[in-house]
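**Q** Input structure29.cif, format and content: mmCIF, C-alpha atoms and all ligand atoms; chains and numbers go by the auth columns.
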data_model
#
loop_
_atom_site.group_PDB
_atom_site.id
_atom_site.type_symbol
_atom_site.label_atom_id
_atom_site.label_comp_id
_atom_site.label_asym_id
_atom_site.label_seq_id
_atom_site.Cartn_x
_atom_site.Cartn_y
_atom_site.Cartn_z
_atom_site.B_iso_or_equiv
_atom_site.auth_seq_id
_atom_site.auth_asym_id
ATOM 1 C CA MET A 1 -6.751 -51.485 92.992 0.00 1 A
ATOM 2 C CA SER A 2 -5.615 -53.385 96.090 0.00 2 A
ATOM 3 C CA GLN A 3 -4.025 -56.198 94.097 0.00 3 A
ATOM 4 C CA ILE A 4 -1.186 -55.601 91.701 0.00 4 A
ATOM 5 C CA ILE A 5 -1.062 -57.012 88.186 0.00 5 A
ATOM 6 C CA ASP A 6 1.788 -59.487 87.743 0.00 6 A
ATOM 7 C CA THR A 7 3.588 -58.250 84.641 0.00 7 A
ATOM 8 C CA ASN A 8 5.256 -61.651 84.222 0.00 8 A
ATOM 9 C CA ASN A 9 1.890 -63.328 83.709 0.00 9 A
ATOM 10 C CA LEU A 10 0.033 -61.020 81.349 0.00 10 A
ATOM 11 C CA PRO A 11 -2.396 -62.386 78.773 0.00 11 A
ATOM 12 C CA LYS A 12 -0.457 -61.780 75.560 0.00 12 A
ATOM 13 C CA HIS A 13 -3.699 -61.374 73.630 0.00 13 A
ATOM 14 C CA ILE A 14 -6.983 -60.049 75.032 0.00 14 A
ATOM 15 C CA ALA A 15 -10.176 -60.161 72.977 0.00 15 A
ATOM 16 C CA ILE A 16 -13.238 -58.134 73.974 0.00 16 A
ATOM 17 C CA THR A 17 -16.867 -58.367 72.893 0.00 17 A
ATOM 18 C CA MET A 18 -17.931 -54.785 73.491 0.00 18 A
ATOM 19 C CA ASP A 19 -21.617 -55.275 74.238 0.00 19 A
ATOM 20 C CA GLY A 20 -24.333 -53.185 75.860 0.00 20 A
ATOM 21 C CA ASN A 21 -24.184 -49.812 74.120 0.00 21 A
ATOM 22 C CA GLY A 22 -27.885 -49.868 73.239 0.00 22 A
ATOM 23 C CA ARG A 23 -29.044 -50.786 76.745 0.00 23 A
ATOM 24 C CA TRP A 24 -26.739 -48.169 78.263 0.00 24 A
ATOM 25 C CA ALA A 25 -28.391 -45.468 76.142 0.00 25 A
ATOM 26 C CA GLU A 26 -31.918 -46.780 76.683 0.00 26 A
ATOM 27 C CA SER A 27 -31.402 -46.754 80.457 0.00 27 A
ATOM 28 C CA LYS A 28 -30.736 -43.034 80.142 0.00 28 A
ATOM 29 C CA GLY A 29 -33.755 -42.476 77.906 0.00 29 A
ATOM 30 C CA LYS A 30 -31.537 -41.807 74.889 0.00 30 A
ATOM 31 C CA LEU A 31 -31.264 -43.262 71.390 0.00 31 A
ATOM 32 C CA ARG A 32 -29.041 -46.302 70.855 0.00 32 A
ATOM 33 C CA ILE A 33 -26.529 -44.270 68.842 0.00 33 A
ATOM 34 C CA PHE A 34 -25.797 -42.205 71.967 0.00 34 A
ATOM 35 C CA GLY A 35 -24.612 -45.480 73.486 0.00 35 A
ATOM 36 C CA HIS A 36 -22.382 -46.228 70.507 0.00 36 A
ATOM 37 C CA LYS A 37 -20.863 -42.731 70.741 0.00 37 A
ATOM 38 C CA ASN A 38 -20.011 -43.311 74.377 0.00 38 A
ATOM 39 C CA GLY A 39 -18.755 -46.764 73.460 0.00 39 A
ATOM 40 C CA VAL A 40 -16.033 -45.071 71.417 0.00 40 A
ATOM 41 C CA LYS A 41 -14.805 -43.357 74.588 0.00 41 A
ATOM 42 C CA ALA A 42 -14.541 -46.732 76.304 0.00 42 A
ATOM 43 C CA VAL A 43 -12.558 -48.022 73.304 0.00 43 A
ATOM 44 C CA ARG A 44 -10.091 -45.148 73.653 0.00 44 A
ATOM 45 C CA GLU A 45 -9.603 -45.732 77.387 0.00 45 A
ATOM 46 C CA THR A 46 -9.287 -49.523 76.977 0.00 46 A
ATOM 47 C CA VAL A 47 -6.748 -49.280 74.149 0.00 47 A
ATOM 48 C CA GLU A 48 -4.573 -46.851 76.114 0.00 48 A
ATOM 49 C CA SER A 49 -4.796 -48.899 79.311 0.00 49 A
ATOM 50 C CA ALA A 50 -4.014 -52.177 77.570 0.00 50 A
ATOM 51 C CA ALA A 51 -0.937 -50.677 75.939 0.00 51 A
ATOM 52 C CA LYS A 52 0.226 -49.216 79.261 0.00 52 A
ATOM 53 C CA ILE A 53 -0.222 -52.539 81.041 0.00 53 A
ATOM 54 C CA GLY A 54 1.884 -54.219 78.355 0.00 54 A
ATOM 55 C CA ILE A 55 -0.703 -56.262 76.441 0.00 55 A
ATOM 56 C CA GLU A 56 0.717 -57.212 73.037 0.00 56 A
ATOM 57 C CA PHE A 57 -2.508 -57.894 71.116 0.00 57 A
ATOM 58 C CA LEU A 58 -5.965 -56.448 71.715 0.00 58 A
ATOM 59 C CA THR A 59 -8.871 -57.575 69.531 0.00 59 A
ATOM 60 C CA LEU A 60 -12.128 -55.640 69.728 0.00 60 A
ATOM 61 C CA TYR A 61 -15.375 -57.050 68.335 0.00 61 A
ATOM 62 C CA ALA A 62 -16.887 -53.909 66.850 0.00 62 A
ATOM 63 C CA PHE A 63 -19.358 -55.165 64.224 0.00 63 A
ATOM 64 C CA SER A 64 -20.448 -58.729 63.503 0.00 64 A
ATOM 65 C CA THR A 65 -21.677 -60.342 60.295 0.00 65 A
ATOM 66 C CA GLU A 66 -25.082 -60.604 61.997 0.00 66 A
ATOM 67 C CA ASN A 67 -25.057 -56.886 62.877 0.00 67 A
ATOM 68 C CA TRP A 68 -25.800 -56.187 59.179 0.00 68 A
ATOM 69 C CA ASP A 69 -29.365 -57.266 60.014 0.00 69 A
ATOM 70 C CA ARG A 70 -29.880 -54.207 62.241 0.00 70 A
ATOM 71 C CA PRO A 71 -31.949 -51.222 61.046 0.00 71 A
ATOM 72 C CA VAL A 72 -30.202 -49.320 58.262 0.00 72 A
ATOM 73 C CA SER A 73 -30.283 -46.121 60.321 0.00 73 A
ATOM 74 C CA GLU A 74 -28.292 -47.775 63.131 0.00 74 A
ATOM 75 C CA ILE A 75 -25.809 -49.309 60.666 0.00 75 A
ATOM 76 C CA ASN A 76 -25.266 -45.950 58.968 0.00 76 A
ATOM 77 C CA ALA A 77 -24.728 -44.227 62.281 0.00 77 A
ATOM 78 C CA LEU A 78 -22.233 -46.898 63.335 0.00 78 A
ATOM 79 C CA MET A 79 -20.297 -46.572 60.078 0.00 79 A
ATOM 80 C CA ALA A 80 -20.188 -42.774 60.382 0.00 80 A
ATOM 81 C CA LEU A 81 -18.899 -43.188 63.918 0.00 81 A
ATOM 82 C CA LEU A 82 -16.227 -45.584 62.701 0.00 82 A
ATOM 83 C CA VAL A 83 -15.021 -43.066 60.116 0.00 83 A
ATOM 84 C CA SER A 84 -14.835 -40.204 62.597 0.00 84 A
ATOM 85 C CA ALA A 85 -13.190 -42.339 65.299 0.00 85 A
ATOM 86 C CA ILE A 86 -10.462 -43.654 62.984 0.00 86 A
ATOM 87 C CA ASN A 87 -9.948 -40.176 61.625 0.00 87 A
ATOM 88 C CA LYS A 88 -9.516 -38.717 65.106 0.00 88 A
ATOM 89 C CA GLU A 89 -7.620 -41.535 66.748 0.00 89 A
ATOM 90 C CA THR A 90 -4.904 -42.323 64.199 0.00 90 A
ATOM 91 C CA LYS A 91 -2.758 -39.570 65.704 0.00 91 A
ATOM 92 C CA THR A 92 -3.101 -41.128 69.158 0.00 92 A
ATOM 93 C CA LEU A 93 -2.223 -44.546 67.760 0.00 93 A
ATOM 94 C CA MET A 94 0.947 -43.071 66.263 0.00 94 A
ATOM 95 C CA LYS A 95 1.810 -41.297 69.505 0.00 95 A
ATOM 96 C CA ASN A 96 1.306 -44.506 71.481 0.00 96 A
ATOM 97 C CA ASN A 97 3.174 -46.664 68.926 0.00 97 A
ATOM 98 C CA ILE A 98 0.106 -48.865 68.312 0.00 98 A
ATOM 99 C CA LYS A 99 -0.391 -50.792 65.089 0.00 99 A
ATOM 100 C CA LEU A 100 -3.940 -51.074 63.729 0.00 100 A
ATOM 101 C CA CYS A 101 -5.202 -54.153 61.859 0.00 101 A
ATOM 102 C CA THR A 102 -8.660 -55.339 60.884 0.00 102 A
ATOM 103 C CA ILE A 103 -10.239 -58.763 60.541 0.00 103 A
ATOM 104 C CA GLY A 104 -13.527 -59.473 58.798 0.00 104 A
ATOM 105 C CA ALA A 105 -15.187 -58.854 55.455 0.00 105 A
ATOM 106 C CA THR A 106 -14.117 -55.220 55.360 0.00 106 A
ATOM 107 C CA ASP A 107 -14.903 -55.139 51.623 0.00 107 A
ATOM 108 C CA ASN A 108 -18.540 -55.010 52.707 0.00 108 A
ATOM 109 C CA LEU A 109 -18.032 -51.735 54.577 0.00 109 A
ATOM 110 C CA PRO A 110 -19.034 -48.460 52.896 0.00 110 A
ATOM 111 C CA SER A 111 -16.089 -47.198 50.819 0.00 111 A
ATOM 112 C CA LYS A 112 -15.516 -44.186 53.066 0.00 112 A
ATOM 113 C CA ALA A 113 -15.060 -46.372 56.133 0.00 113 A
ATOM 114 C CA ARG A 114 -12.944 -48.864 54.213 0.00 114 A
ATOM 115 C CA ASN A 115 -10.635 -46.178 52.854 0.00 115 A
ATOM 116 C CA GLU A 116 -10.259 -44.509 56.228 0.00 116 A
ATOM 117 C CA LEU A 117 -9.333 -47.865 57.742 0.00 117 A
ATOM 118 C CA LEU A 118 -6.865 -48.748 54.973 0.00 118 A
ATOM 119 C CA GLU A 119 -5.149 -45.415 55.477 0.00 119 A
ATOM 120 C CA ALA A 120 -4.866 -45.881 59.244 0.00 120 A
ATOM 121 C CA VAL A 121 -3.611 -49.457 58.818 0.00 121 A
ATOM 122 C CA ALA A 122 -0.940 -48.283 56.360 0.00 122 A
ATOM 123 C CA LYS A 123 0.086 -45.362 58.549 0.00 123 A
ATOM 124 C CA THR A 124 0.460 -47.425 61.734 0.00 124 A
ATOM 125 C CA LYS A 125 2.055 -50.446 60.040 0.00 125 A
ATOM 126 C CA GLY A 126 5.494 -49.929 61.566 0.00 126 A
ATOM 127 C CA ASN A 127 4.296 -49.428 65.160 0.00 127 A
ATOM 128 C CA THR A 128 5.504 -52.020 67.649 0.00 128 A
ATOM 129 C CA ARG A 129 4.158 -51.472 71.169 0.00 129 A
ATOM 130 C CA MET A 130 0.765 -53.152 70.764 0.00 130 A
ATOM 131 C CA THR A 131 -1.354 -54.490 67.902 0.00 131 A
ATOM 132 C CA LEU A 132 -4.978 -53.363 67.937 0.00 132 A
ATOM 133 C CA ILE A 133 -7.206 -55.625 65.848 0.00 133 A
ATOM 134 C CA LEU A 134 -10.689 -54.381 64.974 0.00 134 A
ATOM 135 C CA ALA A 135 -13.151 -57.122 64.061 0.00 135 A
ATOM 136 C CA LEU A 136 -15.486 -55.525 61.541 0.00 136 A
ATOM 137 C CA SER A 137 -18.112 -57.380 59.540 0.00 137 A
ATOM 138 C CA TYR A 138 -16.547 -60.380 61.254 0.00 138 A
ATOM 139 C CA SER A 139 -17.840 -63.722 62.411 0.00 139 A
ATOM 140 C CA GLY A 140 -16.060 -66.910 63.363 0.00 140 A
ATOM 141 C CA ARG A 141 -18.108 -69.073 60.990 0.00 141 A
ATOM 142 C CA TRP A 142 -17.466 -66.671 58.110 0.00 142 A
ATOM 143 C CA GLU A 143 -13.755 -66.927 58.852 0.00 143 A
ATOM 144 C CA ILE A 144 -13.674 -70.742 59.090 0.00 144 A
ATOM 145 C CA LEU A 145 -15.684 -71.078 55.888 0.00 145 A
ATOM 146 C CA ASN A 146 -13.361 -68.657 54.115 0.00 146 A
ATOM 147 C CA ALA A 147 -10.284 -70.544 55.300 0.00 147 A
ATOM 148 C CA THR A 148 -11.789 -73.788 54.002 0.00 148 A
ATOM 149 C CA LYS A 149 -12.526 -72.257 50.607 0.00 149 A
ATOM 150 C CA LYS A 150 -8.964 -70.931 50.324 0.00 150 A
ATOM 151 C CA ILE A 151 -7.461 -74.300 51.282 0.00 151 A
ATOM 152 C CA ILE A 152 -9.533 -75.999 48.581 0.00 152 A
ATOM 153 C CA ALA A 153 -8.613 -73.327 46.027 0.00 153 A
ATOM 154 C CA ASP A 154 -4.935 -73.889 46.865 0.00 154 A
ATOM 155 C CA CYS A 155 -5.384 -77.634 46.170 0.00 155 A
ATOM 156 C CA ILE A 156 -3.682 -78.603 49.443 0.00 156 A
ATOM 157 C CA ASN A 157 -3.321 -82.359 49.914 0.00 157 A
ATOM 158 C CA PRO A 158 -5.867 -83.238 52.664 0.00 158 A
ATOM 159 C CA ASN A 159 -3.404 -85.640 54.294 0.00 159 A
ATOM 160 C CA THR A 160 -0.975 -82.820 54.934 0.00 160 A
ATOM 161 C CA ILE A 161 -3.428 -80.408 56.557 0.00 161 A
ATOM 162 C CA THR A 162 -2.702 -79.855 60.238 0.00 162 A
ATOM 163 C CA GLU A 163 -4.092 -77.389 62.772 0.00 163 A
ATOM 164 C CA GLN A 164 -1.064 -75.240 61.973 0.00 164 A
ATOM 165 C CA THR A 165 -1.922 -75.297 58.256 0.00 165 A
ATOM 166 C CA PHE A 166 -5.504 -74.305 59.017 0.00 166 A
ATOM 167 C CA GLN A 167 -4.381 -71.546 61.351 0.00 167 A
ATOM 168 C CA GLN A 168 -2.377 -70.022 58.513 0.00 168 A
ATOM 169 C CA TYR A 169 -5.611 -69.566 56.550 0.00 169 A
ATOM 170 C CA LEU A 170 -7.387 -67.671 59.309 0.00 170 A
ATOM 171 C CA THR A 171 -7.504 -63.876 59.467 0.00 171 A
ATOM 172 C CA THR A 172 -5.481 -64.064 62.697 0.00 172 A
ATOM 173 C CA LYS A 173 -2.686 -66.070 61.139 0.00 173 A
ATOM 174 C CA ASN A 174 0.212 -64.273 62.808 0.00 174 A
ATOM 175 C CA VAL A 175 -1.550 -63.602 66.082 0.00 175 A
ATOM 176 C CA PRO A 176 -1.452 -65.876 69.165 0.00 176 A
ATOM 177 C CA ASP A 177 -4.843 -67.195 70.314 0.00 177 A
ATOM 178 C CA PRO A 178 -6.512 -64.926 72.884 0.00 178 A
ATOM 179 C CA ALA A 179 -5.503 -65.914 76.402 0.00 179 A
ATOM 180 C CA LEU A 180 -8.441 -63.936 77.789 0.00 180 A
ATOM 181 C CA LEU A 181 -11.850 -63.211 76.274 0.00 181 A
ATOM 182 C CA ILE A 182 -13.916 -60.510 77.964 0.00 182 A
ATOM 183 C CA ARG A 183 -17.605 -59.909 77.317 0.00 183 A
ATOM 184 C CA THR A 184 -19.463 -56.984 78.817 0.00 184 A
ATOM 185 C CA SER A 185 -23.179 -56.395 79.481 0.00 185 A
ATOM 186 C CA GLY A 186 -24.019 -59.598 81.332 0.00 186 A
ATOM 187 C CA GLU A 187 -24.569 -61.777 78.267 0.00 187 A
ATOM 188 C CA TYR A 188 -23.005 -65.216 78.544 0.00 188 A
ATOM 189 C CA ARG A 189 -22.481 -66.108 74.924 0.00 189 A
ATOM 190 C CA ILE A 190 -19.847 -66.068 72.225 0.00 190 A
ATOM 191 C CA SER A 191 -21.957 -64.530 69.407 0.00 191 A
ATOM 192 C CA ASN A 192 -19.786 -65.964 66.639 0.00 192 A
ATOM 193 C CA PHE A 193 -16.510 -64.410 67.795 0.00 193 A
ATOM 194 C CA LEU A 194 -13.130 -66.084 67.123 0.00 194 A
ATOM 195 C CA LEU A 195 -14.608 -69.599 67.244 0.00 195 A
ATOM 196 C CA TRP A 196 -11.402 -71.393 66.283 0.00 196 A
ATOM 197 C CA GLN A 197 -9.079 -69.216 68.340 0.00 197 A
ATOM 198 C CA ILE A 198 -10.874 -69.373 71.725 0.00 198 A
ATOM 199 C CA ALA A 199 -10.479 -73.151 72.143 0.00 199 A
ATOM 200 C CA TYR A 200 -8.479 -72.601 75.344 0.00 200 A
ATOM 201 C CA SER A 201 -9.157 -68.950 76.153 0.00 201 A
ATOM 202 C CA GLU A 202 -10.104 -67.969 79.682 0.00 202 A
ATOM 203 C CA LEU A 203 -13.595 -66.442 79.594 0.00 203 A
ATOM 204 C CA TYR A 204 -14.491 -63.419 81.689 0.00 204 A
ATOM 205 C CA PHE A 205 -18.000 -61.980 81.844 0.00 205 A
ATOM 206 C CA THR A 206 -18.985 -58.720 83.495 0.00 206 A
ATOM 207 C CA ASP A 207 -22.355 -56.994 83.922 0.00 207 A
ATOM 208 C CA THR A 208 -20.754 -53.635 83.145 0.00 208 A
ATOM 209 C CA LEU A 209 -22.216 -52.162 79.959 0.00 209 A
ATOM 210 C CA TRP A 210 -19.537 -51.312 77.402 0.00 210 A
ATOM 211 C CA PRO A 211 -19.737 -47.462 77.646 0.00 211 A
ATOM 212 C CA ASP A 212 -19.073 -47.812 81.408 0.00 212 A
ATOM 213 C CA PHE A 213 -16.018 -50.066 80.909 0.00 213 A
ATOM 214 C CA LYS A 214 -12.977 -48.358 82.428 0.00 214 A
ATOM 215 C CA LYS A 215 -9.299 -49.022 83.064 0.00 215 A
ATOM 216 C CA GLU A 216 -10.265 -50.530 86.447 0.00 216 A
ATOM 217 C CA ASP A 217 -12.585 -53.033 84.730 0.00 217 A
ATOM 218 C CA LEU A 218 -9.770 -54.151 82.444 0.00 218 A
ATOM 219 C CA GLU A 219 -7.438 -54.494 85.433 0.00 219 A
ATOM 220 C CA LYS A 220 -10.062 -56.520 87.290 0.00 220 A
ATOM 221 C CA ALA A 221 -10.405 -58.904 84.357 0.00 221 A
ATOM 222 C CA ILE A 222 -6.632 -59.348 84.119 0.00 222 A
ATOM 223 C CA LEU A 223 -6.345 -59.985 87.878 0.00 223 A
ATOM 224 C CA ASP A 224 -9.095 -62.586 87.615 0.00 224 A
ATOM 225 C CA TYR A 225 -7.224 -64.207 84.717 0.00 225 A
ATOM 226 C CA GLN A 226 -4.049 -64.280 86.799 0.00 226 A
ATOM 227 C CA SER A 227 -5.857 -66.148 89.600 0.00 227 A
ATOM 228 C CA ARG A 228 -6.714 -69.021 87.256 0.00 228 A
ATOM 229 C CA GLU A 229 -4.822 -72.182 86.506 0.00 229 A
ATOM 230 C CA ARG A 230 -4.635 -72.896 82.776 0.00 230 A
ATOM 231 C CA ARG A 231 -4.342 -76.598 82.097 0.00 231 A
ATOM 232 C CA PHE A 232 -4.727 -77.063 78.326 0.00 232 A
ATOM 233 C CA GLY A 233 -5.978 -80.599 78.829 0.00 233 A
HETATM 234 C C1 LIG B . -22.634 -53.453 71.098 0.00 301 B
HETATM 235 O O1 LIG B . -23.747 -52.885 71.684 0.00 301 B
HETATM 236 C C2 LIG B . -22.207 -52.736 69.845 0.00 301 B
HETATM 237 C C3 LIG B . -22.524 -53.454 68.597 0.00 301 B
HETATM 238 C C4 LIG B . -22.989 -54.660 68.501 0.00 301 B
HETATM 239 C C5 LIG B . -22.275 -52.734 67.357 0.00 301 B
HETATM 240 P P1 LIG B . -25.219 -53.257 71.244 0.00 301 B
HETATM 241 O O2 LIG B . -25.644 -52.344 70.151 0.00 301 B
HETATM 242 O O3 LIG B . -25.315 -54.711 70.924 0.00 301 B
HETATM 243 O O4 LIG B . -26.030 -52.925 72.562 0.00 301 B
HETATM 244 P P2 LIG B . -27.129 -53.819 73.275 0.00 301 B
HETATM 245 O O5 LIG B . -26.546 -55.205 73.428 0.00 301 B
HETATM 246 O O6 LIG B . -28.326 -53.813 72.386 0.00 301 B
HETATM 247 O O7 LIG B . -27.356 -53.160 74.580 0.00 301 B
HETATM 248 C C1 LIG B . -21.853 -59.080 69.621 0.00 302 B
HETATM 249 O O1 LIG B . -22.869 -58.317 70.177 0.00 302 B
HETATM 250 C C2 LIG B . -21.199 -58.340 68.494 0.00 302 B
HETATM 251 C C3 LIG B . -20.456 -57.143 68.868 0.00 302 B
HETATM 252 C C4 LIG B . -20.261 -56.704 70.076 0.00 302 B
HETATM 253 C C5 LIG B . -19.903 -56.426 67.776 0.00 302 B
HETATM 254 P P1 LIG B . -24.384 -58.482 69.733 0.00 302 B
HETATM 255 O O2 LIG B . -25.176 -57.553 70.547 0.00 302 B
HETATM 256 O O3 LIG B . -24.497 -58.354 68.265 0.00 302 B
HETATM 257 O O4 LIG B . -24.664 -60.002 70.118 0.00 302 B
HETATM 258 P P2 LIG B . -26.018 -60.742 70.465 0.00 302 B
HETATM 259 O O5 LIG B . -26.970 -60.454 69.363 0.00 302 B
HETATM 260 O O6 LIG B . -26.481 -60.197 71.764 0.00 302 B
HETATM 261 O O7 LIG B . -25.644 -62.183 70.584 0.00 302 B
HETATM 262 MG MG MG B . -25.688 -56.367 72.018 0.00 303 B
#
In structure tokens, write the structure found in this file.

**A**
Amino acid sequence: MSQIIDTNNLPKHIAITMDGNGRWAESKGKLRIFGHKNGVKAVRETVESAAKIGIEFLTLYAFSTENWDRPVSEINALMALLVSAINKETKTLMKNNIKLCTIGATDNLPSKARNELLEAVAKTKGNTRMTLILALSYSGRWEILNATKKIIADCINPNTITEQTFQQYLTTKNVPDPALLIRTSGEYRISNFLLWQIAYSELYFTDTLWPDFKKEDLEKAILDYQSRERRFG
């Protein structure tokens, strides 16, 4: 890397839509699940690199509400992969002092995956170096609708509701909005990710397919972010 990352101007929170696993596998004449398996390797490398760089929050879009419409065989394979990855990686999270959280309708996940996640979340609760947030069975509209329902159930006086109030009802309530949103695989869309939170995020798109995403790709995205002027209106 010829340029050096300015550690005084890091995006506090990076969100990533990890897209392109299927196409990566298909381009090699393999089944889509082979792409997802290699996607897990890219997750490992990205999490470690982000923590090393000094990123405080990393949110990874792993499974969307709409992804439930995929073939059952692919869903099952993804869930099995989730279980084995969490199982294997919790030790590394502990070693690297990384706290794991989830956002999304995780109650909809198969009980094995849910339990594995709950255990890892509990185990890593006290870690302080970086917070890793996995978006699972997540969508921005689901989240906004849920927040609205909870506000109504709490009988909050409409005249007192501010953006701050609303923010407190989102799944990301104690997390700063992403400064940088990365999407891989050359798709230029949001796909229902963090709709409220990305109001002023810097967007970064790369053609790299997720299983090929490396430390250098993350650094490139951060350098690009650091070349931008954020104006917030
Ligand atoms: C992203 O890769 C992973 C998930 C959505 C679970 P895809 O499975 O969407 O791969 P492409 O976009 O079809 O290549
Ligand atoms: C977005 O990717 C969701 C995740 C990466 C988990 P998709 O592959 O599901 O998005 P679309 O269908 O291309 O918009
Ligand atoms: Mg995709």

**Q** Evaluating the PyMOL selection byres (((chain A and resi 37) around 10) and not hetatm) on the displayed file yields which residues, as number ranges by chain?

**A** A: 21, 25, 32-36, 38-42, 77-78, 81-82, 85, 211

**Q** Against ligand MG 303 (chain B), which residues of chain A fall within 8 Å? For each one I want the closest pair of atoms and the distance in Å (one decimal), counting only C-alpha atoms and all ligand atoms, rows by chain and increasing residue number, as JSON lines.

**A**
{"residue": "A:Asp19", "atom": "CA", "partner": "B:MG303", "partner_atom": "MG", "distance": 4.8}
{"residue": "A:Gly20", "atom": "CA", "partner": "B:MG303", "partner_atom": "MG", "distance": 5.2}
{"residue": "A:Asn21", "atom": "CA", "partner": "B:MG303", "partner_atom": "MG", "distance": 7.0}
{"residue": "A:Gly22", "atom": "CA", "partner": "B:MG303", "partner_atom": "MG", "distance": 7.0}
{"residue": "A:Ser185", "atom": "CA", "partner": "B:MG303", "partner_atom": "MG", "distance": 7.9}

**Q** Report as an MDAnalysis selection string which protein, DNA and RNA residues come within 10 Å of ligand LIG 302 (chain B), using all atoms listed in the file.

**A** chainID A and resid 16:23 60:70 134:139 183:193 210

**Q** Separation of CA of Ile98 (chain A) and CA of Met130 (chain A), in Å?

**A**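 Between CA of Ile98 (chain A) and CA of Met130 (chain A) the gap works out to 5.0 Å.
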
**Q** Let me make sure I understand: among A:Glu74, A:Asn87, A:Lys215, A:Tyr200, which one has the smallest atom-to-atom distance to Val43 (chain A) if we use only C-alpha atoms?

**A**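 Closest candidate: A:Lys215.
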
**Q** Would you write out, as an MDAnalysis selection string, every residue that the PyMOL selection byres (((chain A and resi 218) around 12) and not hetatm) captures in this file?

**A** chainID A and resid 1 5 11 14:16 42:43 45:53 55 58 180:184 204:206 208 210 212:217 219:225

**Q** Give me, please, the distance in Å between CA of Lys95 (chain A) and CA of Ala113 (chain A), quoted to one decimal.

**A**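 These atoms are spaced 22.1 Å apart.
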
**Q** Between CA of Gln164 (chain A) and CA of Phe232 (chain A), what distance in Å does the model show, to one decimal?

**A**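 Interatomic distance here is 16.9 Å.
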
**Q** Hey, what's within 12 Å of Val83 (chain A) if we count only C-alpha atoms and toss same-chain stuff fewer than 4 positions away? As a PyMOL selection string, please?

**A** chain A and resi 40+76-79+87-90+109-120

**Q** Could you write out that same residue set with C-alpha atoms as a PDB file, keeping the file's coordinate frame?

**A**
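The result, written out as out-v2.pdb:
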ATOM      1  CA  VAL A  40     -16.033 -45.071  71.417  1.00  0.00           C
ATOM      2  CA  ASN A  76     -25.266 -45.950  58.968  1.00  0.00           C
ATOM      3  CA  ALA A  77     -24.728 -44.227  62.281  1.00  0.00           C
ATOM      4  CA  LEU A  78     -22.233 -46.898  63.335  1.00  0.00           C
ATOM      5  CA  MET A  79     -20.297 -46.572  60.078  1.00  0.00           C
ATOM      6  CA  ASN A  87      -9.948 -40.176  61.625  1.00  0.00           C
ATOM      7  CA  LYS A  88      -9.516 -38.717  65.106  1.00  0.00           C
ATOM      8  CA  GLU A  89      -7.620 -41.535  66.748  1.00  0.00           C
ATOM      9  CA  THR A  90      -4.904 -42.323  64.199  1.00  0.00           C
ATOM     10  CA  LEU A 109     -18.032 -51.735  54.577  1.00  0.00           C
ATOM     11  CA  PRO A 110     -19.034 -48.460  52.896  1.00  0.00           C
ATOM     12  CA  SER A 111     -16.089 -47.198  50.819  1.00  0.00           C
ATOM     13  CA  LYS A 112     -15.516 -44.186  53.066  1.00  0.00           C
ATOM     14  CA  ALA A 113     -15.060 -46.372  56.133  1.00  0.00           C
ATOM     15  CA  ARG A 114     -12.944 -48.864  54.213  1.00  0.00           C
ATOM     16  CA  ASN A 115     -10.635 -46.178  52.854  1.00  0.00           C
ATOM     17  CA  GLU A 116     -10.259 -44.509  56.228  1.00  0.00           C
ATOM     18  CA  LEU A 117      -9.333 -47.865  57.742  1.00  0.00           C
ATOM     19  CA  LEU A 118      -6.865 -48.748  54.973  1.00  0.00           C
ATOM     20  CA  GLU A 119      -5.149 -45.415  55.477  1.00  0.00           C
ATOM     21  CA  ALA A 120      -4.866 -45.881  59.244  1.00  0.00           C
TER      22      ALA A 120
END

**Q** Residues proximal to (2.1, -53.1, 70.6) were defined as those with any atom within 8 Å of that point in the file's coordinates, counting all atoms listed in the file. Which are they, as a list in words?

**A**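 Within the cut-off we find Ala51, Gly54, Ile55, Glu56, Phe57, Asn97, Ile98, Lys99, Asn127, Thr128, Arg129, Met130, Thr131 and Leu132 of chain A.
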
**Q** Hey, which of A:Lys28, A:His13, A:Phe166, A:Leu209 ends up closest to ligand LIG 301 (chain B)? Count only C-alpha atoms and all ligand atoms.

**A**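 Smallest distance to ligand LIG 301 (chain B) is found for A:Leu209.
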